[in-house]
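K.L.:
Below you'll find the structure I mean.
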Amino acid sequence: MYAYDEIDRTLINERVAEFRDQVQRRLAGEITEDEFKMLRLMNGVYLQLHAYMFRVAIPYGTLSADQLRKLAHVARKYDRGYGHFTTRQNIQFNWIALADLPDALADLAEVGIHAMQTSGNCTRNITADQWAGVAPGEIEDPRIWAEIMRQYTTLHPEFSFLPRKFKFAITASDHDRAAIKIHDIGLRLRQNDAGVTGFEVLVGGGLGRTPFIGKVIKPFVPGRDILSYVEAILRVYNQYGRRDNIYKARIKILVHELGLEKFRDEVEEEFLQIGDGPLTLDDAMIEEIRSRFTYPAYAKLSDNPEELTKASADPGFAAWLANSVAPHKQQGYAIVTLSLKPVGAPPGDATAEQMDAIADLADRYSFGEIRVGHEQNLALPHVAKRDLPALWQALDRIGVATPNVNLITDIIACPGLDYCSLANARSIPIAQELTRRFSNETANLIGRLHINISGCINACGHHHVGHIGILGVEKNDEEFYQITIGGRADEGAVVGTLIGPAVPYDDVANVVEDIVEAYLALRQRPDELFIDAVKRLGVEPFKERVYATR
Amino acid sequence: MPLVKNATTIADPFVHLADDAELPLDGAVLVSAARFLQDPEALIGRNSPLGVIWPNNRPVDDLVPYLDRLAVVALVYPSFRDGRAHSQARLLRERHGYRGELRATGQILRDQFVFLLRNGFDAFEVKKDADAAAFAATAKRYSVFYQPSSDGRLSAWQRRLQARHSESAS
């Protein structure tokens, strides 16, 4: 965990005071809605279909138990008793009153949580691998760099009014759980041949109406130069990114229109000017941030404790263990994913009671730490293996032990037309219906399969990179859905392929069933994943199966 | 329109000169980039202070040969959402060493004063009287900053390193 110092605390308190003043001026009619819109967006406040929505940042997906309790408190006191975890390590509250927002922010600031730059045309919440610091085989904990990046981008005087939103993601693992290739800037921590820690830098990834996979702009930037290099990218984008058309304003379009080579030349020229300047990170600065991260005092424990062997006779526990528990870098410990995708519920939602209970379990079993992943699930990152049976029972009692992590019912979905003023179609009921269609037994038979659902072209549900992607569109005032297959968001990121004409709302679950049946019939072996089968076979056989009778 | 300089509202000593208006013999004038670039030497050669209004889509590099002879560079915010002039300001101050008045014009909000100051602006054409009146208070809204920038105030990292240094020295 990163511990705020006096500077961090002062800054977020000053931000709360500023926002309180902005809300007061709006309520007094001293500023227009247009002016206020930009100010509130920079603090994560959207006007949705029914109410204001409030988006709170969970930088690099790390929460303390006290922070999670405070989120529960906000849900209970100012909202309707629940929150929605998003694909970018944020939590959203959907029913908050404008006049309450400053108080909610002040409550959150007590535990070092803020909502700065969770929307608007600025650098957004810095996201990272949710297993950062505990996954086996990392170069080092990427959250140290994510925190450096968070501070650098927070209230940046030059880059707070960019052409469009700007998202960073960081990973330190070969297997990319942070979806860095679909971010404006993706950073992969690596070491060069001389043993220097630095980054592979990707630029220009993003979804929305024109999806692009990020491209490597520089294979290695030493850690000391990373802020200068990022500043060079942002400065080129701030000056040359398009501002005439909101749909062409992301950096991905600039990179595409200039071409990667030309864009890289511009960045390199700028970097030449500012390299070795005030943004250079010397070892003392990096150490200063690193020293504010605390790590658990792990005990020397067995990887095969008696408790685990005993409990494994219970098929319920065994299924959960096989599905939701992952290896930890520390012997005797495990990473436990908490599924927020129970049958029939909106993906990513948690009630205040669940949040409080998870915070207590984190204190008891996970050194007081919780993680939030872009798949809209939570994780307890430091669980002693001997505690797994007891933890499972406790998680099961509060409904977050559905053993469906990475399976077909572990669906990513945006809020869709149930909440969002941008949406063309509903997302949540589609997800709910799919969780009812596929039993856990069937889901296990199918194996790893990601379904991503967006209620409009803005792609908050990351439909382009779902193994099966579902995009809501509107046709003659009715909800229709385009289906893509073959997308993925990891280190092999690729945009999915459309299989044919959009299908009506009532038919979406049937289409998914048809695709799955085709896959089960066509796969070479039970361990050939859906995504690998699509790669081998192309979309044709799936298309034929779906449209033969439609 | 109020002009705020050194945190107080003052009368603008510069006359905004339209492109087709006759050049007065003396007196401080502010001219467009287009007019300036037609004959920069003639304008600079007058014995009165000269300012140029520089659009946000033109590289400030073109202005560099004249910077030490300009009294004002006025950068433009066509909308309060358009942040291009923020980059121009830092380039003028940090890369090109411009020390004259750097003026923010166009659509700027009270809530942007801190950003503008941090980027090196020291004069502000403010649309609303209330915003001008609130300038001094608004400029002090933040006491800590994460980034190094043009206004000379210490960044968070510099402060932390200083604190650490003084701890180890004591």
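How things are named: the first chain in the structure tokens is A, the next is B, and so on; residues count from 1 in each chain; ligands count from 1 in the order shown.
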Distance cut-off 7 Å, counting only C-alpha atoms - which residues of chain A neighbour chain B? Return them as a ChimeraX atom specification.
P.N.:
/A:7,11,14,151-152,156-158,161-162,235,238-239,278,285
K.L.:
Take the residues just selected and output them with N, CA and C atoms as a CSV table (one decimal), in the first residue's frame.
P.N.:
```
chain,number,residue,atom,x,y,z
A,7,ILE,N,2.0,16.1,1.9
A,7,ILE,CA,1.8,16.8,0.7
A,7,ILE,C,0.5,16.2,0.0
A,11,LEU,N,-3.0,18.2,-0.8
A,11,LEU,CA,-3.5,18.4,-2.1
A,11,LEU,C,-5.0,18.0,-2.3
A,14,GLU,N,-7.3,20.4,-0.5
A,14,GLU,CA,-7.4,21.6,-1.3
A,14,GLU,C,-8.4,21.4,-2.5
A,151,GLN,N,1.0,10.9,-9.6
A,151,GLN,CA,1.3,12.2,-9.0
A,151,GLN,C,1.7,13.2,-10.2
A,152,TYR,N,2.5,12.7,-11.1
A,152,TYR,CA,2.9,13.5,-12.3
A,152,TYR,C,1.6,14.0,-13.0
A,156,HIS,N,-2.1,18.4,-13.7
A,156,HIS,CA,-1.0,18.9,-14.5
A,156,HIS,C,-1.4,20.2,-15.2
A,157,PRO,N,-0.6,21.2,-15.0
A,157,PRO,CA,-1.1,22.5,-15.5
A,157,PRO,C,-1.1,22.6,-17.0
A,158,GLU,N,-0.3,21.8,-17.7
A,158,GLU,CA,-0.3,21.9,-19.1
A,158,GLU,C,-1.2,20.9,-19.8
A,161,PHE,N,-6.3,20.1,-20.2
A,161,PHE,CA,-7.3,20.4,-21.2
A,161,PHE,C,-6.9,19.9,-22.6
A,162,LEU,N,-6.8,18.6,-22.6
A,162,LEU,CA,-6.3,17.9,-23.8
A,162,LEU,C,-7.4,17.8,-24.9
A,235,ARG,N,2.8,16.5,-24.9
A,235,ARG,CA,3.0,17.8,-25.5
A,235,ARG,C,2.7,17.8,-27.0
A,238,ASN,N,-1.1,17.4,-27.2
A,238,ASN,CA,-1.8,18.6,-26.8
A,238,ASN,C,-1.8,19.6,-27.9
A,239,GLN,N,-0.7,19.7,-28.7
A,239,GLN,CA,-0.6,20.7,-29.7
A,239,GLN,C,-1.2,20.3,-31.0
A,278,PRO,N,14.1,18.8,-15.6
A,278,PRO,CA,13.6,18.6,-14.2
A,278,PRO,C,12.7,17.4,-14.0
A,285,MET,N,14.5,10.1,-5.9
A,285,MET,CA,13.1,10.4,-6.1
A,285,MET,C,12.3,9.1,-6.1
```
K.L.:
Can you tell me, as a VMD selection string, what residues are no more than 8 Å from range 433-448 of chain A when counting only C-alpha atoms, ignoring any on the same chain fewer than 3 positions away?
P.N.:
chain A and resid 342 to 344 403 to 404 406 to 409 429 to 430 509 516 520 526 to 527 529 to 530
K.L.:
If you keep C-alpha atoms, can you produce a file of those selected residues as a PDB file, in the first residue's frame?
P.N.:
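Saved file out_18.pdb follows:
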```
ATOM      1  CA  PRO A 342     -23.308 -13.866  -9.489  1.00  0.00           C
ATOM      2  CA  VAL A 343     -26.121 -15.368 -11.537  1.00  0.00           C
ATOM      3  CA  GLY A 344     -28.735 -12.802 -12.458  1.00  0.00           C
ATOM      4  CA  PRO A 403     -16.606 -19.967  -9.198  1.00  0.00           C
ATOM      5  CA  ASN A 404     -16.941 -18.358 -12.630  1.00  0.00           C
ATOM      6  CA  ASN A 406     -12.680 -16.014 -16.569  1.00  0.00           C
ATOM      7  CA  LEU A 407     -15.660 -18.138 -17.636  1.00  0.00           C
ATOM      8  CA  ILE A 408     -18.537 -17.257 -19.928  1.00  0.00           C
ATOM      9  CA  THR A 409     -20.625 -15.820 -17.083  1.00  0.00           C
ATOM     10  CA  PRO A 429     -30.120  -7.272 -18.684  1.00  0.00           C
ATOM     11  CA  ILE A 430     -28.218  -8.984 -21.516  1.00  0.00           C
ATOM     12  CA  ALA A 509     -28.584 -14.945 -25.686  1.00  0.00           C
ATOM     13  CA  VAL A 516     -20.813 -21.680 -28.102  1.00  0.00           C
ATOM     14  CA  LEU A 520     -17.921 -27.093 -28.685  1.00  0.00           C
ATOM     15  CA  PRO A 526     -11.228 -29.833 -24.678  1.00  0.00           C
ATOM     16  CA  ASP A 527      -8.317 -27.523 -23.870  1.00  0.00           C
ATOM     17  CA  LEU A 529      -9.854 -22.345 -25.890  1.00  0.00           C
ATOM     18  CA  PHE A 530     -12.666 -20.581 -27.732  1.00  0.00           C
TER      19      PHE A 530
END
```
K.L.:
Counting only C-alpha atoms, what is within 9 Å of Leu91 in chain B, bar same-chain residues fewer than 5 positions away, as a PyMOL selection string?
P.N.:
chain B and resi 60-61+86+96-98
K.L.:
Just to confirm, what's the straight-line distance from CA of Arg292 in chain A to CA of Gly332 in chain A in Å (one decimal)?
P.N.:
25.9 Å
K.L.:
So that I can check the secondary structure, give me every residue of range 293-463 of chain A assigned strand (DSSP E) by backbone DSSP, as a ChimeraX atom specification.
P.N.:
/A:325-327,333-338,349-351,369-372,378-384,412-413,451-454
K.L.:
Create the file for the chosen residues now, containing C-alpha atoms and written as a tab-separated table (two decimals), in the first residue's frame.
P.N.:
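And here is the file that came out, out22.tsv:
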```tsv
chain	number	residue	atom	x	y	z
A	325	VAL	CA	-7.44	-18.97	-6.54
A	326	ALA	CA	-4.17	-18.11	-8.29
A	327	PRO	CA	-0.50	-18.67	-7.44
A	333	TYR	CA	0.08	-17.72	-0.03
A	334	ALA	CA	-2.46	-17.29	-2.80
A	335	ILE	CA	-4.31	-14.56	-4.70
A	336	VAL	CA	-8.08	-14.93	-4.39
A	337	THR	CA	-10.44	-13.38	-6.92
A	338	LEU	CA	-13.89	-12.40	-5.64
A	349	ASP	CA	-21.94	-4.24	-8.47
A	350	ALA	CA	-21.28	-4.58	-4.77
A	351	THR	CA	-23.55	-3.57	-1.91
A	369	GLU	CA	-5.57	-5.10	1.27
A	370	ILE	CA	-8.05	-5.47	-1.61
A	371	ARG	CA	-7.53	-5.21	-5.35
A	372	VAL	CA	-9.88	-4.14	-8.13
A	378	LEU	CA	-12.18	-7.81	-6.67
A	379	ALA	CA	-9.25	-9.75	-5.26
A	380	LEU	CA	-7.67	-10.43	-1.91
A	381	PRO	CA	-3.97	-10.43	-2.77
A	382	HIS	CA	-2.26	-12.05	0.23
A	383	VAL	CA	-4.23	-15.01	1.55
A	384	ALA	CA	-2.44	-17.78	3.46
A	412	ILE	CA	-17.75	-7.30	-18.53
A	413	ALA	CA	-20.58	-4.84	-19.10
A	451	ILE	CA	-17.99	-11.84	-23.09
A	452	ASN	CA	-17.84	-8.04	-23.15
A	453	ILE	CA	-20.96	-5.90	-23.60
A	454	SER	CA	-21.21	-2.19	-24.45
```
K.L.:
Just to confirm, what's the straight-line distance from CA of Tyr77 in chain B to CA of Asn6 in chain B in Å (one decimal)?
P.N.:
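CA of Asn6 in chain B lies at a distance of 20.4 Å from CA of Tyr77 in chain B.
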K.L.:
Calculate how many Å separate CA of Glu491 in chain A from CA of Val465 in chain A, rounding to one decimal.
P.N.:
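According to the coordinates, CA of Glu491 in chain A and CA of Val465 in chain A are separated by 11.6 Å.
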K.L.:
Please identify all polymer residues within 9 Å of Pro222 in chain A, counting only C-alpha atoms, omitting same-chain residues fewer than 5 positions from it, and present them as a VMD selection string.
P.N.:
chain A and resid 191 to 192 196 to 199
K.L.:
Run DSSP on the backbone and grab whatever in range 71-137 of chain A lands in alpha helix (DSSP H); send it over as a list in words.
P.N.:
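Alpha helix (DSSP H) assignments inside range 71-137 of chain A correspond to Leu71, Ala72, His73, Val74, Ala75, Arg76, Lys77, Tyr78, Leu101, Pro102, Asp103, Ala104, Leu105, Ala106, Asp107, Leu108 and Ala109 of chain A.
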K.L.:
Mind writing the picked residues with N, CA and C atoms as a compact mmCIF listing (two decimals), in the first residue's frame?
P.N.:
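Contents of the output file part29.txt:
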```txt
# COMPACT_ATOMS: atom_id res chain seq x y z
N LEU A 71 -15.82 3.60 1.07
CA LEU A 71 -16.65 3.52 -0.13
C LEU A 71 -18.04 2.99 0.23
N ALA A 72 -18.07 2.01 1.13
CA ALA A 72 -19.36 1.47 1.59
C ALA A 72 -20.16 2.57 2.28
N HIS A 73 -19.47 3.37 3.08
CA HIS A 73 -20.12 4.48 3.78
C HIS A 73 -20.74 5.48 2.79
N VAL A 74 -20.00 5.79 1.73
CA VAL A 74 -20.53 6.71 0.72
C VAL A 74 -21.75 6.11 0.04
N ALA A 75 -21.67 4.81 -0.27
CA ALA A 75 -22.80 4.13 -0.91
C ALA A 75 -24.04 4.21 -0.02
N ARG A 76 -23.81 4.04 1.27
CA ARG A 76 -24.94 3.98 2.22
C ARG A 76 -25.48 5.37 2.51
N LYS A 77 -24.57 6.31 2.75
CA LYS A 77 -25.01 7.62 3.21
C LYS A 77 -25.52 8.52 2.09
N TYR A 78 -24.87 8.45 0.93
CA TYR A 78 -25.20 9.42 -0.12
C TYR A 78 -25.85 8.77 -1.34
N LEU A 101 -22.25 16.05 -2.96
CA LEU A 101 -20.96 15.61 -3.50
C LEU A 101 -19.75 16.13 -2.73
N PRO A 102 -19.74 17.42 -2.37
CA PRO A 102 -18.56 17.90 -1.63
C PRO A 102 -18.36 17.15 -0.31
N ASP A 103 -19.45 16.83 0.38
CA ASP A 103 -19.31 16.09 1.64
C ASP A 103 -18.83 14.67 1.38
N ALA A 104 -19.35 14.05 0.33
CA ALA A 104 -18.90 12.69 0.00
C ALA A 104 -17.40 12.70 -0.30
N LEU A 105 -16.95 13.71 -1.05
CA LEU A 105 -15.52 13.81 -1.37
C LEU A 105 -14.68 14.04 -0.12
N ALA A 106 -15.20 14.87 0.78
CA ALA A 106 -14.46 15.16 2.01
C ALA A 106 -14.35 13.88 2.85
N ASP A 107 -15.41 13.08 2.89
CA ASP A 107 -15.35 11.81 3.63
C ASP A 107 -14.29 10.90 3.03
N LEU A 108 -14.27 10.83 1.70
CA LEU A 108 -13.30 9.96 1.02
C LEU A 108 -11.87 10.46 1.24
N ALA A 109 -11.71 11.78 1.26
CA ALA A 109 -10.36 12.34 1.43
C ALA A 109 -9.75 11.94 2.77
```
K.L.:
Taking 4 positions as the minimum chain separation for residues in the same chain, which residues sit within 10 Å of His175 in chain A when counting only C-alpha atoms? Answer as a ChimeraX atom specification.
P.N.:
/A:129,137-138,171,179,490-492
K.L.:
From the set A:Leu281, A:Val546, A:Leu272, A:Val216, which residue has the shortest atom-to-atom contact distance to Leu260 in chain A, counting only C-alpha atoms?
P.N.:
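Using only C-alpha atoms, Leu260 in chain A sits closest to A:Val216.
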